file my_file-v6.cif (mmCIF, C-alpha atoms and all ligand atoms)
data_model
#
loop_
_atom_site.label_atom_id
_atom_site.label_comp_id
_atom_site.auth_asym_id
_atom_site.auth_seq_id
_atom_site.Cartn_x
_atom_site.Cartn_y
_atom_site.Cartn_z
CA MET B 85 79.42 -5.27 -98.85
CA LYS B 86 77.63 -5.69 -95.53
CA VAL B 87 73.95 -6.70 -95.62
CA ASN B 88 71.48 -6.32 -92.77
CA VAL B 89 68.40 -8.49 -93.35
CA ILE B 90 65.42 -7.24 -91.35
CA GLY B 91 62.86 -9.92 -90.49
CA LEU B 92 63.95 -13.54 -90.08
CA GLY B 93 60.74 -15.31 -91.08
CA TYR B 94 59.82 -17.39 -94.12
CA ILE B 95 61.44 -15.05 -96.62
CA GLY B 96 64.08 -13.17 -94.61
CA LEU B 97 65.80 -16.18 -93.09
CA PRO B 98 66.36 -18.23 -96.26
CA THR B 99 67.40 -15.06 -98.09
CA ALA B 100 69.91 -14.17 -95.35
CA LEU B 101 71.29 -17.71 -95.52
CA MET B 102 71.62 -17.59 -99.30
CA PHE B 103 73.69 -14.41 -99.06
CA ALA B 104 75.80 -15.57 -96.11
CA SER B 105 76.54 -19.01 -97.54
CA SER B 106 77.70 -17.31 -100.76
CA GLY B 107 80.25 -15.30 -98.82
CA VAL B 108 78.42 -12.00 -98.29
CA GLU B 109 78.78 -10.47 -94.80
CA VAL B 110 75.28 -10.77 -93.27
CA VAL B 111 73.63 -9.77 -90.03
CA GLY B 112 70.04 -10.91 -89.54
CA THR B 113 67.86 -8.70 -87.34
CA ASP B 114 64.48 -9.53 -85.85
CA TYR B 115 62.62 -7.95 -82.94
CA ASP B 116 61.59 -11.39 -81.65
CA GLU B 117 64.21 -12.17 -78.99
CA LYS B 118 63.25 -15.82 -78.72
CA LEU B 119 63.60 -16.38 -82.46
CA VAL B 120 66.97 -14.59 -82.55
CA GLY B 121 68.14 -16.62 -79.52
CA THR B 122 67.16 -19.88 -81.22
CA LEU B 123 68.99 -19.03 -84.43
CA ALA B 124 72.04 -17.70 -82.56
CA SER B 125 72.26 -20.96 -80.65
CA GLY B 126 72.49 -22.86 -83.94
CA VAL B 127 68.91 -24.13 -84.19
CA LEU B 128 66.78 -23.49 -87.28
CA THR B 129 63.29 -22.07 -86.70
CA PHE B 130 61.61 -23.88 -89.62
CA GLU B 131 62.44 -26.56 -92.14
CA GLU B 132 62.86 -26.29 -95.90
CA GLU B 133 64.73 -28.67 -98.14
CA GLY B 134 68.41 -27.70 -98.26
CA MET B 135 68.16 -25.12 -95.48
CA LYS B 136 70.15 -27.05 -92.86
CA GLU B 137 73.23 -27.18 -95.09
CA LEU B 138 72.92 -23.46 -95.90
CA PHE B 139 72.57 -22.68 -92.20
CA GLU B 140 75.77 -24.58 -91.35
CA MET B 141 77.67 -22.89 -94.16
CA SER B 142 76.35 -19.46 -93.14
CA ARG B 143 77.41 -20.02 -89.53
CA LYS B 144 80.87 -21.04 -90.74
CA ASN B 145 80.97 -17.81 -92.76
CA GLY B 146 80.11 -15.79 -89.63
CA ILE B 147 76.42 -14.86 -90.04
CA LYS B 148 75.10 -13.07 -86.96
CA PHE B 149 71.57 -12.92 -85.54
CA THR B 150 70.54 -10.04 -83.34
CA THR B 151 67.64 -7.82 -82.28
CA GLU B 152 69.73 -4.73 -83.07
CA TYR B 153 69.67 -2.83 -86.36
CA GLN B 154 73.15 -2.57 -87.87
CA LYS B 155 75.24 -0.11 -89.82
CA ALA B 156 75.32 -1.69 -93.28
CA ASP B 157 75.66 -0.95 -96.99
CA VAL B 158 72.41 -2.67 -97.91
CA TYR B 159 69.25 -3.30 -95.84
CA ILE B 160 66.82 -5.97 -96.95
CA VAL B 161 63.39 -5.62 -95.38
CA ALA B 162 61.49 -8.92 -95.35
CA VAL B 163 58.91 -8.41 -92.62
CA PRO B 164 55.31 -9.67 -92.69
CA THR B 165 52.50 -7.64 -94.23
CA PRO B 166 49.36 -8.67 -92.32
CA TYR B 167 46.17 -9.12 -94.30
CA ILE B 168 43.09 -7.30 -93.02
CA LYS B 169 40.14 -9.47 -94.03
CA GLU B 170 37.45 -6.82 -93.57
CA SER B 171 39.03 -4.26 -95.90
CA LYS B 172 40.82 -6.87 -98.07
CA LYS B 173 43.98 -4.80 -97.78
CA ILE B 174 47.38 -5.48 -96.31
CA ASP B 175 48.76 -3.40 -93.52
CA PRO B 176 52.20 -1.96 -94.32
CA CYS B 177 52.79 -1.06 -90.64
CA PHE B 178 55.61 -3.59 -90.12
CA VAL B 179 57.38 -2.46 -93.30
CA VAL B 180 57.12 1.18 -92.24
CA SER B 181 58.24 0.50 -88.69
CA ALA B 182 61.20 -1.60 -89.93
CA VAL B 183 62.17 1.24 -92.28
CA GLU B 184 61.91 3.77 -89.44
CA SER B 185 64.14 1.62 -87.23
CA VAL B 186 66.71 1.16 -90.00
CA LEU B 187 66.81 4.91 -90.62
CA LYS B 188 68.05 5.42 -87.04
CA VAL B 189 71.34 3.64 -87.85
CA LEU B 190 71.59 3.83 -91.65
CA PRO B 191 74.77 5.47 -92.95
CA LYS B 192 74.22 7.98 -95.75
CA GLY B 193 74.36 6.42 -99.20
CA ALA B 194 73.07 3.02 -98.10
CA VAL B 195 70.46 1.09 -100.09
CA LEU B 196 67.09 0.14 -98.59
CA VAL B 197 65.56 -2.87 -100.35
CA VAL B 198 61.97 -3.87 -99.58
CA GLU B 199 61.30 -7.54 -100.36
CA SER B 200 58.01 -7.89 -98.47
CA THR B 201 54.91 -8.23 -100.63
CA VAL B 202 53.27 -4.83 -100.75
CA SER B 203 50.28 -3.48 -102.60
CA PRO B 204 51.15 -1.38 -105.65
CA GLY B 205 51.99 2.18 -104.64
CA THR B 206 53.17 1.31 -101.11
CA MET B 207 56.75 2.44 -101.74
CA ASP B 208 55.55 5.90 -102.80
CA LYS B 209 52.68 6.17 -100.33
CA PHE B 210 54.36 4.86 -97.19
CA VAL B 211 58.09 4.13 -97.51
CA ARG B 212 59.24 7.29 -99.29
CA PRO B 213 57.37 9.59 -96.87
CA ALA B 214 58.85 7.69 -93.88
CA VAL B 215 62.33 8.27 -95.31
CA GLU B 216 61.64 11.97 -95.87
CA LYS B 217 60.10 12.36 -92.42
CA ALA B 218 63.32 11.01 -90.88
CA GLY B 219 65.20 13.84 -92.61
CA PHE B 220 66.71 11.79 -95.44
CA ASN B 221 66.61 12.67 -99.08
CA PRO B 222 65.57 9.57 -101.08
CA GLY B 223 67.83 9.13 -104.07
CA LYS B 224 70.68 10.96 -102.36
CA ASP B 225 71.13 9.92 -98.72
CA VAL B 226 69.30 6.65 -99.11
CA HIS B 227 68.46 4.66 -102.23
CA LEU B 228 65.13 2.87 -102.47
CA VAL B 229 64.65 -0.50 -104.14
CA HIS B 230 61.74 -2.92 -104.34
CA ALA B 231 62.82 -6.51 -105.01
CA PRO B 232 59.70 -8.67 -104.48
CA GLU B 233 60.28 -12.26 -103.52
CA ARG B 234 58.88 -14.98 -105.80
CA ILE B 235 59.65 -18.23 -104.04
CA LEU B 236 57.24 -21.10 -103.48
CA PRO B 237 56.93 -22.39 -99.91
CA GLY B 238 58.08 -25.99 -100.03
CA SER B 239 60.88 -25.40 -102.55
CA MET B 240 62.24 -22.07 -101.35
CA ILE B 241 65.96 -22.79 -101.54
CA ARG B 242 65.82 -24.24 -105.04
CA GLU B 243 63.64 -21.33 -106.19
CA LEU B 244 65.87 -18.69 -104.59
CA ARG B 245 68.64 -20.07 -106.76
CA LYS B 246 66.72 -20.79 -109.95
CA ASN B 247 63.89 -18.19 -110.20
CA SER B 248 64.27 -15.07 -112.23
CA ARG B 249 63.91 -11.91 -110.11
CA THR B 250 62.74 -8.33 -110.56
CA ILE B 251 64.61 -5.37 -109.12
CA GLY B 252 62.77 -2.06 -109.13
CA ALA B 253 64.99 0.92 -108.40
CA ASP B 254 64.80 4.71 -108.75
CA ASP B 255 68.34 4.79 -110.03
CA ARG B 256 69.72 2.37 -112.64
CA ASP B 257 73.23 2.25 -111.18
CA ILE B 258 71.81 1.33 -107.79
CA GLY B 259 69.65 -1.30 -109.49
CA GLU B 260 72.80 -2.75 -111.12
CA LYS B 261 74.57 -2.81 -107.75
CA ILE B 262 71.72 -4.70 -106.09
CA LYS B 263 71.42 -7.02 -109.09
CA LYS B 264 75.08 -7.94 -108.64
CA LEU B 265 74.47 -8.59 -104.95
CA TYR B 266 71.57 -10.98 -105.67
CA GLN B 267 73.69 -12.65 -108.34
CA SER B 268 75.86 -13.96 -105.48
CA PHE B 269 73.28 -16.78 -105.27
CA CYS B 270 70.63 -16.23 -107.97
CA GLU B 271 71.54 -18.13 -111.15
CA ALA B 272 68.57 -16.91 -113.21
CA GLU B 273 67.91 -13.68 -115.08
CA ILE B 274 67.49 -10.56 -112.94
CA VAL B 275 65.41 -7.88 -114.64
CA LEU B 276 65.89 -4.20 -113.77
CA THR B 277 62.96 -1.84 -113.80
CA ASP B 278 61.41 1.00 -111.80
CA ILE B 279 59.75 0.59 -108.40
CA ARG B 280 56.10 0.97 -109.48
CA THR B 281 56.52 -1.59 -112.26
CA ALA B 282 58.15 -4.06 -109.85
CA GLU B 283 55.28 -3.64 -107.37
CA MET B 284 52.60 -4.16 -110.03
CA THR B 285 54.39 -7.11 -111.66
CA LYS B 286 54.45 -9.05 -108.41
CA VAL B 287 50.70 -8.66 -107.94
CA VAL B 288 50.05 -9.51 -111.59
CA GLU B 289 51.94 -12.81 -111.26
CA ASN B 290 49.82 -13.98 -108.33
CA THR B 291 46.61 -12.71 -109.92
CA TYR B 292 47.35 -14.65 -113.10
CA ARG B 293 47.69 -17.84 -111.05
CA ASP B 294 44.47 -17.10 -109.18
CA ILE B 295 42.57 -16.70 -112.47
CA ASN B 296 44.03 -19.91 -113.88
CA ILE B 297 43.01 -21.86 -110.75
CA ALA B 298 39.53 -20.28 -110.89
CA PHE B 299 39.20 -21.52 -114.47
CA ALA B 300 40.10 -25.04 -113.33
CA ASN B 301 37.59 -24.77 -110.47
CA GLU B 302 34.84 -23.61 -112.80
CA LEU B 303 35.63 -26.49 -115.14
CA ALA B 304 35.34 -28.88 -112.18
CA LYS B 305 31.79 -27.65 -111.54
CA ILE B 306 30.85 -27.90 -115.23
CA CYS B 307 32.25 -31.43 -115.44
CA ARG B 308 30.52 -32.46 -112.20
CA ARG B 309 27.13 -31.55 -113.64
CA ASP B 310 27.64 -33.80 -116.68
CA ASP B 311 29.62 -36.50 -114.89
CA LEU B 312 32.83 -35.86 -116.82
CA ASP B 313 36.33 -36.33 -115.41
CA VAL B 314 37.80 -32.82 -115.10
CA TYR B 315 41.28 -34.16 -114.29
CA GLU B 316 41.42 -36.24 -117.45
CA ILE B 317 40.15 -33.30 -119.50
CA ILE B 318 42.77 -30.93 -118.08
CA ASN B 319 45.46 -33.55 -118.51
CA ILE B 320 44.63 -34.03 -122.19
CA ALA B 321 44.09 -30.31 -122.87
CA ASN B 322 47.49 -29.52 -121.34
CA ARG B 323 49.17 -31.62 -124.02
CA HIS B 324 48.30 -28.82 -126.42
CA PRO B 325 51.50 -26.78 -126.73
CA ARG B 326 49.77 -23.52 -125.81
CA VAL B 327 47.46 -24.73 -123.01
CA ASN B 328 48.50 -24.96 -119.36
CA ILE B 329 45.54 -25.24 -116.98
CA LEU B 330 46.19 -25.60 -113.25
CA GLN B 331 44.39 -28.04 -110.95
CA PRO B 332 40.97 -27.58 -109.32
CA GLY B 333 40.86 -27.80 -105.55
CA PRO B 334 38.81 -26.97 -102.45
CA GLY B 335 39.77 -23.29 -102.66
CA VAL B 336 42.77 -21.00 -102.81
CA GLY B 337 44.58 -20.21 -99.59
CA GLY B 338 47.87 -18.78 -98.43
CA HIS B 339 48.96 -15.25 -97.83
CA CYS B 340 49.68 -14.45 -101.49
CA ILE B 341 47.42 -15.76 -104.25
CA SER B 342 44.21 -15.33 -102.27
CA VAL B 343 45.23 -11.85 -101.13
CA ASP B 344 47.11 -9.99 -103.88
CA PRO B 345 44.29 -9.84 -106.48
CA TRP B 346 42.18 -7.90 -103.96
CA PHE B 347 44.67 -5.01 -104.23
CA LEU B 348 43.68 -4.61 -107.89
CA VAL B 349 39.98 -4.97 -107.06
CA GLY B 350 40.36 -2.28 -104.39
CA ASP B 351 42.35 0.14 -106.56
CA TYR B 352 40.54 -0.32 -109.89
CA PRO B 353 36.93 -1.21 -108.97
CA ASP B 354 35.53 0.12 -112.25
CA LEU B 355 37.97 -1.92 -114.37
CA VAL B 356 38.16 -5.37 -112.81
CA ASN B 357 35.90 -8.12 -114.18
CA ILE B 358 37.79 -11.33 -114.65
CA ILE B 359 39.99 -10.68 -111.60
CA LEU B 360 37.00 -10.23 -109.32
CA ALA B 361 35.10 -13.17 -110.84
CA ALA B 362 38.13 -15.42 -110.26
CA ARG B 363 38.38 -14.32 -106.63
CA ASN B 364 34.71 -15.05 -106.07
CA ILE B 365 34.91 -18.47 -107.76
CA ASN B 366 37.91 -19.48 -105.64
CA ASP B 367 36.40 -18.11 -102.44
CA GLY B 368 33.22 -20.06 -103.23
CA MET B 369 35.00 -23.42 -103.49
CA PRO B 370 34.87 -24.35 -99.76
CA ASN B 371 31.07 -24.04 -99.97
CA PHE B 372 30.96 -26.13 -103.14
CA VAL B 373 32.94 -28.81 -101.27
CA LEU B 374 30.56 -28.59 -98.33
CA LYS B 375 27.55 -29.09 -100.60
CA ARG B 376 29.25 -32.08 -102.15
CA ILE B 377 30.02 -33.52 -98.69
CA HIS B 378 26.28 -33.44 -97.96
CA GLU B 379 25.46 -35.12 -101.29
CA ILE B 380 27.99 -37.87 -100.63
CA MET B 381 26.74 -38.34 -97.07
CA GLU B 382 23.23 -38.81 -98.39
CA GLU B 383 24.35 -41.26 -101.07
CA ASN B 384 26.12 -43.33 -98.42
CA GLY B 385 23.49 -43.10 -95.70
CA ILE B 386 25.75 -41.11 -93.36
CA LYS B 387 23.51 -38.93 -91.22
CA ASP B 388 25.82 -37.59 -88.56
CA ILE B 389 28.26 -34.80 -89.54
CA SER B 390 30.48 -35.83 -86.63
CA ARG B 391 31.33 -38.99 -88.60
CA ILE B 392 33.00 -36.81 -91.26
CA GLY B 393 36.74 -36.16 -91.03
CA LEU B 394 38.50 -33.33 -92.84
CA TYR B 395 42.07 -34.34 -93.62
CA GLY B 396 44.32 -31.28 -93.94
CA ILE B 397 44.05 -27.82 -92.38
CA THR B 398 47.01 -26.06 -94.01
CA TYR B 399 46.55 -23.98 -97.16
CA LYS B 400 48.45 -26.49 -99.31
CA GLU B 401 50.46 -29.67 -99.21
CA ASP B 402 53.54 -30.23 -97.05
CA VAL B 403 53.62 -26.79 -95.40
CA ASN B 404 52.44 -25.89 -91.89
CA ASP B 405 50.97 -22.51 -92.84
CA VAL B 406 47.20 -22.23 -92.30
CA ARG B 407 46.66 -18.63 -93.44
CA GLU B 408 43.44 -18.30 -95.49
CA SER B 409 43.28 -22.09 -95.73
CA PRO B 410 40.23 -23.56 -97.54
CA THR B 411 39.59 -25.89 -94.57
CA LEU B 412 39.45 -22.96 -92.16
CA GLN B 413 37.28 -21.01 -94.62
CA MET B 414 34.91 -23.98 -94.75
CA LEU B 415 34.78 -24.43 -90.98
CA GLU B 416 34.08 -20.73 -90.58
CA SER B 417 31.20 -20.84 -93.03
CA MET B 418 29.75 -23.97 -91.39
CA GLY B 419 28.86 -22.15 -88.21
CA ASP B 420 26.32 -24.39 -86.49
CA HIS B 421 27.58 -27.58 -88.07
CA LEU B 422 30.78 -27.19 -86.12
CA ALA B 423 28.77 -27.75 -83.00
CA PHE B 424 27.87 -31.18 -84.34
CA GLY B 425 31.53 -31.97 -84.39
CA ILE B 426 32.98 -32.40 -87.87
CA LYS B 427 36.48 -33.77 -87.20
CA CYS B 428 39.86 -32.59 -88.44
CA PHE B 429 43.42 -33.81 -88.68
CA ASP B 430 46.62 -32.45 -90.18
CA PRO B 431 49.99 -34.21 -89.92
CA MET B 432 51.83 -30.89 -90.33
CA ILE B 433 50.19 -29.33 -87.27
CA ASP B 434 51.12 -30.64 -83.85
CA GLU B 435 48.86 -28.49 -81.68
CA LYS B 436 45.11 -28.02 -81.57
CA ILE B 437 44.02 -24.97 -83.52
CA VAL B 438 40.39 -25.88 -84.27
CA GLU B 439 37.59 -27.70 -82.49
CA ASN B 440 37.46 -31.49 -82.78
CA GLN B 441 40.99 -31.69 -84.12
CA TYR B 442 42.89 -34.93 -83.63
CA LEU B 443 46.63 -35.08 -83.20
CA ASP B 444 46.78 -38.80 -83.92
CA PHE B 445 46.00 -40.02 -87.43
CA ASP B 446 44.89 -43.54 -86.44
CA GLU B 447 42.47 -42.24 -83.81
CA PHE B 448 41.07 -39.76 -86.33
CA VAL B 449 40.50 -42.49 -88.91
CA ASP B 450 38.89 -44.78 -86.31
CA ASP B 451 36.36 -42.09 -85.37
CA VAL B 452 35.03 -41.23 -88.86
CA ASP B 453 33.08 -42.93 -91.65
CA MET B 454 34.09 -40.50 -94.38
CA VAL B 455 37.47 -38.86 -95.00
CA VAL B 456 37.53 -35.63 -97.01
CA VAL B 457 41.03 -34.99 -98.33
CA MET B 458 41.33 -31.20 -98.24
CA VAL B 459 45.14 -31.14 -98.62
CA GLY B 460 47.31 -33.57 -100.58
CA HIS B 461 50.13 -33.90 -98.05
CA SER B 462 52.79 -36.56 -98.84
CA HIS B 463 51.58 -38.16 -95.59
CA ILE B 464 48.18 -39.11 -97.03
CA LYS B 465 49.74 -40.43 -100.22
CA ALA B 466 51.94 -42.70 -98.08
CA ASN B 467 49.06 -43.68 -95.77
CA ALA B 468 46.24 -44.08 -98.28
CA GLY B 469 45.95 -47.75 -97.28
CA LYS B 470 44.85 -46.73 -93.79
CA ILE B 471 41.67 -45.02 -95.03
CA LYS B 472 40.64 -47.94 -97.25
CA GLY B 473 37.12 -49.00 -96.35
CA LYS B 474 36.06 -45.45 -95.50
CA VAL B 475 34.01 -43.30 -97.85
CA ILE B 476 36.69 -41.09 -99.44
CA PHE B 477 36.10 -37.66 -100.97
CA ASP B 478 39.40 -36.53 -102.46
CA THR B 479 39.26 -32.81 -103.38
CA ARG B 480 42.93 -32.89 -104.44
CA ASN B 481 42.97 -35.94 -106.69
CA VAL B 482 45.88 -37.56 -104.86
CA ILE B 483 44.35 -40.91 -103.86
CA GLU B 484 44.14 -43.56 -106.54
CA GLY B 485 41.25 -45.97 -106.82
CA GLU B 486 37.89 -46.47 -108.46
CA LYS B 487 35.40 -45.79 -105.68
CA ILE B 488 36.74 -42.41 -104.71
CA TYR B 489 34.57 -39.30 -104.86
CA ARG B 490 36.23 -36.31 -106.50
CA LEU B 491 35.33 -32.63 -106.94
N1 LIG H 501 46.25 -24.31 -105.84
C1 LIG H 501 45.22 -24.95 -106.51
N2 LIG H 501 45.49 -25.48 -107.74
C2 LIG H 501 46.72 -25.41 -108.30
C3 LIG H 501 47.76 -24.75 -107.62
C4 LIG H 501 47.49 -24.20 -106.37
O1 LIG H 501 44.09 -25.04 -106.02
O2 LIG H 501 46.89 -25.93 -109.40
C5 LIG H 501 45.99 -23.70 -104.51
C6 LIG H 501 46.90 -24.24 -103.40
O3 LIG H 501 46.40 -25.45 -102.88
C7 LIG H 501 46.89 -23.11 -102.41
C8 LIG H 501 46.82 -21.87 -103.31
O4 LIG H 501 46.35 -22.33 -104.55
O5 LIG H 501 45.76 -23.15 -101.58
C9 LIG H 501 48.15 -21.15 -103.48
O6 LIG H 501 49.21 -22.08 -103.60
P1 LIG H 501 50.38 -21.94 -104.67
O7 LIG H 501 51.26 -23.12 -104.53
O8 LIG H 501 49.82 -21.70 -106.02
O9 LIG H 501 51.11 -20.58 -104.29
P2 LIG H 501 51.74 -19.96 -102.95
O10 LIG H 501 50.71 -19.05 -102.37
O11 LIG H 501 52.32 -21.00 -102.07
O12 LIG H 501 52.94 -19.11 -103.57
C10 LIG H 501 52.65 -18.12 -104.55
C11 LIG H 501 53.62 -18.29 -105.74
N3 LIG H 501 53.19 -17.44 -106.84
C12 LIG H 501 53.07 -17.91 -108.10
O13 LIG H 501 53.27 -19.06 -108.41
C13 LIG H 501 52.69 -16.92 -109.15
C14 LIG H 501 55.05 -17.95 -105.29
O14 LIG H 501 55.92 -18.00 -106.40
C15 LIG H 501 55.09 -16.54 -104.65
O15 LIG H 501 56.40 -16.25 -104.18
C16 LIG H 501 54.13 -16.56 -103.47
O16 LIG H 501 52.81 -16.82 -103.96
C17 LIG H 501 54.18 -15.16 -102.82
O17 LIG H 501 54.82 -15.07 -101.76
O18 LIG H 501 53.67 -14.22 -103.41
#
call {"tool": "encode", "arguments": {"input": "my_file-v6.cif", "output": "structure tokens", "more": "lines below"}}
Ligand code: SAJ
result
Amino acid sequence: MKVNVIGLGYIGLPTALMFASSGVEVVGTDYDEKLVGTLASGVLTFEEEGMKELFEMSRKNGIKFTTEYQKADVYIVAVPTPYIKESKKIDPCFVVSAVESVLKVLPKGAVLVVESTVSPGTMDKFVRPAVEKAGFNPGKDVHLVHAPERILPGSMIRELRKNSRTIGADDRDIGEKIKKLYQSFCEAEIVLTDIRTAEMTKVVENTYRDINIAFANELAKICRRDDLDVYEIINIANRHPRVNILQPGPGVGGHCISVDPWFLVGDYPDLVNIILAARNINDGMPNFVLKRIHEIMEENGIKDISRIGLYGITYKEDVNDVRESPTLQMLESMGDHLAFGIKCFDPMIDEKIVENQYLDFDEFVDDVDMVVVMVGHSHIKANAGKIKGKVIFDTRNVIEGEKIYRL
């Protein structure tokens, strides 16, 4: 079976490598010539644990990278779905344009799998019509499948192998065929269902996590008012066999958890309560942190906001992705304060993306009186000694010590 993976980003590349290193014939296609050139010359475009080894094995097995769409038995579309902040919707334009390009070369009978995160209904509203418009008969000339990815940035390779998957297909036999293909590397259960159920399930998973985090964030506020330790309370509560509360933090970022619940809010405005409340709680966290920064400044006699340093710009620890990051949300909401020069640093980002950002950790520490840990990168855990003596506000509960301010 020949597989053409379309889109060689965070999801497409590791997926292509998993297939190729397991012996499947794979061609990876991306319209970005530079990215294709880099991969074709044997250089990886981003790091994930275990990816180097997979890349070597895939190259040995003959994986190809190109800007051309290929004749193949199975197409896997893993292109980005940009988030439009104003409408709180994602734009399926890349998915549709990838599908249109594939249809120009697709042999009749091939399977078109969409892995990209889409809002429920996208396959019927956008993909199926694109297939029909190109003169194909879905279900006959081309078989549609939605197989949403579920992997966690930071442990993608392990999760590709170990996570259960969902395959939504119009036709059960086609679903079985694609299930078998994914079983070339996926060791966990693969559940077959229809396309609409697969779409909704993906969004439900991320919404569930958003609500759980919102609960933890609300608890943090309740505990703050009565000077209780929310982390200890969650830790003890989680020893109950049927309780599993996530951790509070400065907000929820990333392209998934902070985005997907909005699809349900948009599509079912008269039915959502808890989903919308959770979104608002999580979106309100950067402001809660900001208020707390001001309280702590006052308590410590710090008057100048430019003596405050935000550690961490990415949306979570040990990744370099800044999409919807709580730090960026906070900076945006600060408006005028930015002019007074609140400082920033992130060890995962080696170019300036915001004002007053330092690229050197020591210089950053030297220039501030208070460090606000916005992201719990391994780097800060290893370098906690270097911020000793500063006022520390740790919104991630990663620094040990008595005189540390927490959420
Ligand atoms: N966060 C907290 N407290 C927690 C856990 C996370 O505040 O206890 C914050 C993080 O700091 C981050 C945000 O939530 O800002 C999201 O991070 P995450 O690690 O929970 O999730 P993502 O966005 O990296 O990946 C999620 C995963 N979904 C679920 O766990 C249900 C992943 O499996 C999906 O593949 C991914 O979304 C996706 O692409 O949809």
call {"tool": "residues_near_ligand", "arguments": {"input": "my_file-v6.cif", "ligand": "ligand LIG 501 (chain H)", "cutoff": "9 Å", "atoms": "all atoms listed in the file", "output": "PyMOL selection string"}}
result
chain B and resi 95+200-201+232-238+240+243+247+286-294+296-298+300-301+329-342+344+366+398-401+403+408-410+458-460+480
call {"tool": "closest_residue", "arguments": {"input": "my_file-v6.cif", "among": "B:Val158, B:Ala304, B:Ala282, B:Val226", "to": "B:Ile90", "atoms": "only C-alpha atoms"}}
result
B:Val158
call {"tool": "residues_near_point", "arguments": {"input": "my_file-v6.cif", "point": "(75.0, 8.7, -100.3)", "cutoff": "7 Å", "atoms": "all atoms listed in the file", "output": "compact mmCIF listing (two decimals) with C-alpha atoms, in the frame of the given file"}}
result
# COMPACT_ATOMS: atom_id res chain seq x y z
CA LYS B 192 74.22 7.98 -95.75
CA GLY B 193 74.36 6.42 -99.20
CA ALA B 194 73.07 3.02 -98.10
CA LYS B 224 70.68 10.96 -102.36
CA ASP B 225 71.13 9.92 -98.72
CA VAL B 226 69.30 6.65 -99.11
call {"tool": "residues_around", "arguments": {"input": "my_file-v6.cif", "residues": "B:Gly396", "least_positions_apart": "2", "cutoff": "12 Å", "atoms": "all atoms listed in the file", "output": "MDAnalysis selection string"}}
result
chainID B and resid 334 393:394 398:406 409:412 414 427:433 438 441:443 445 448 455:464 478:480
call {"tool": "residues_around", "arguments": {"input": "my_file-v6.cif", "residues": "B:Pro98", "least_positions_apart": "6", "cutoff": "9 Å", "atoms": "all atoms listed in the file", "output": "number ranges by chain"}}
result
B: 92, 132, 135, 138-139, 240-241, 244
call {"tool": "atom_distance", "arguments": {"input": "my_file-v6.cif", "atom1": "atom CA of B:Pro176", "atom2": "atom CA of B:Thr206"}}
result
7.6 Å
call {"tool": "closest_residue", "arguments": {"input": "my_file-v6.cif", "among": "B:Lys474, B:His378, B:Lys172, B:Arg143", "to": "B:Pro345", "atoms": "only C-alpha atoms"}}
result
B:Lys172
call {"tool": "atom_distance", "arguments": {"input": "my_file-v6.cif", "atom1": "atom CA of B:Asp208", "atom2": "atom CA of B:Leu276"}}
result
18.1 Å
call {"tool": "closest_residue", "arguments": {"input": "my_file-v6.cif", "among": "B:Ala468, B:Leu196, B:Ala253, B:Val343", "to": "B:Tyr167", "atoms": "all atoms listed in the file"}}
result
B:Val343
call {"tool": "closest_residue", "arguments": {"input": "my_file-v6.cif", "among": "B:Met454, B:Ile318, B:Ile168, B:Ala231", "to": "B:Val475", "atoms": "all atoms listed in the file"}}
result
B:Met454
call {"tool": "residues_around", "arguments": {"input": "my_file-v6.cif", "residues": "B:Ile386", "least_positions_apart": "3", "cutoff": "12 Å", "atoms": "only C-alpha atoms", "output": "number ranges by chain"}}
result
B: 377-383, 389-392, 452-454, 474-475
call {"tool": "write_last_selection", "arguments": {"input": "my_file-v6.cif", "atoms": "C-alpha atoms", "output": "PDB file, in the coordinates of the input"}}
result
ATOM      1  CA  ILE B 377      30.020 -33.520 -98.690  1.00  0.00           C
ATOM      2  CA  HIS B 378      26.280 -33.440 -97.960  1.00  0.00           C
ATOM      3  CA  GLU B 379      25.460 -35.120-101.290  1.00  0.00           C
ATOM      4  CA  ILE B 380      27.990 -37.870-100.630  1.00  0.00           C
ATOM      5  CA  MET B 381      26.740 -38.340 -97.070  1.00  0.00           C
ATOM      6  CA  GLU B 382      23.230 -38.810 -98.390  1.00  0.00           C
ATOM      7  CA  GLU B 383      24.350 -41.260-101.070  1.00  0.00           C
ATOM      8  CA  ILE B 389      28.260 -34.800 -89.540  1.00  0.00           C
ATOM      9  CA  SER B 390      30.480 -35.830 -86.630  1.00  0.00           C
ATOM     10  CA  ARG B 391      31.330 -38.990 -88.600  1.00  0.00           C
ATOM     11  CA  ILE B 392      33.000 -36.810 -91.260  1.00  0.00           C
ATOM     12  CA  VAL B 452      35.030 -41.230 -88.860  1.00  0.00           C
ATOM     13  CA  ASP B 453      33.080 -42.930 -91.650  1.00  0.00           C
ATOM     14  CA  MET B 454      34.090 -40.500 -94.380  1.00  0.00           C
ATOM     15  CA  LYS B 474      36.060 -45.450 -95.500  1.00  0.00           C
ATOM     16  CA  VAL B 475      34.010 -43.300 -97.850  1.00  0.00           C
TER      17      VAL B 475
END
call {"tool": "closest_residue", "arguments": {"input": "my_file-v6.cif", "among": "B:Glu302, B:Glu484, B:Glu439, B:Asp114", "to": "B:Gln154", "atoms": "all atoms listed in the file"}}
result
B:Asp114
call {"tool": "axis_aligned_box", "arguments": {"input": "my_file-v6.cif", "around": "stretch 463-470 of chain B", "padding_each_side": "5 Å", "output": "lines of an AutoDock Vina configuration file"}}
result
center_x = 48.4
center_y = -43.0
center_z = -97.0
size_x = 17.1
size_y = 19.6
size_z = 16.4
call {"tool": "atom_distance", "arguments": {"input": "my_file-v6.cif", "atom1": "atom CA of B:Arg326", "atom2": "atom CA of B:Ile358"}}
result
20.4 Å
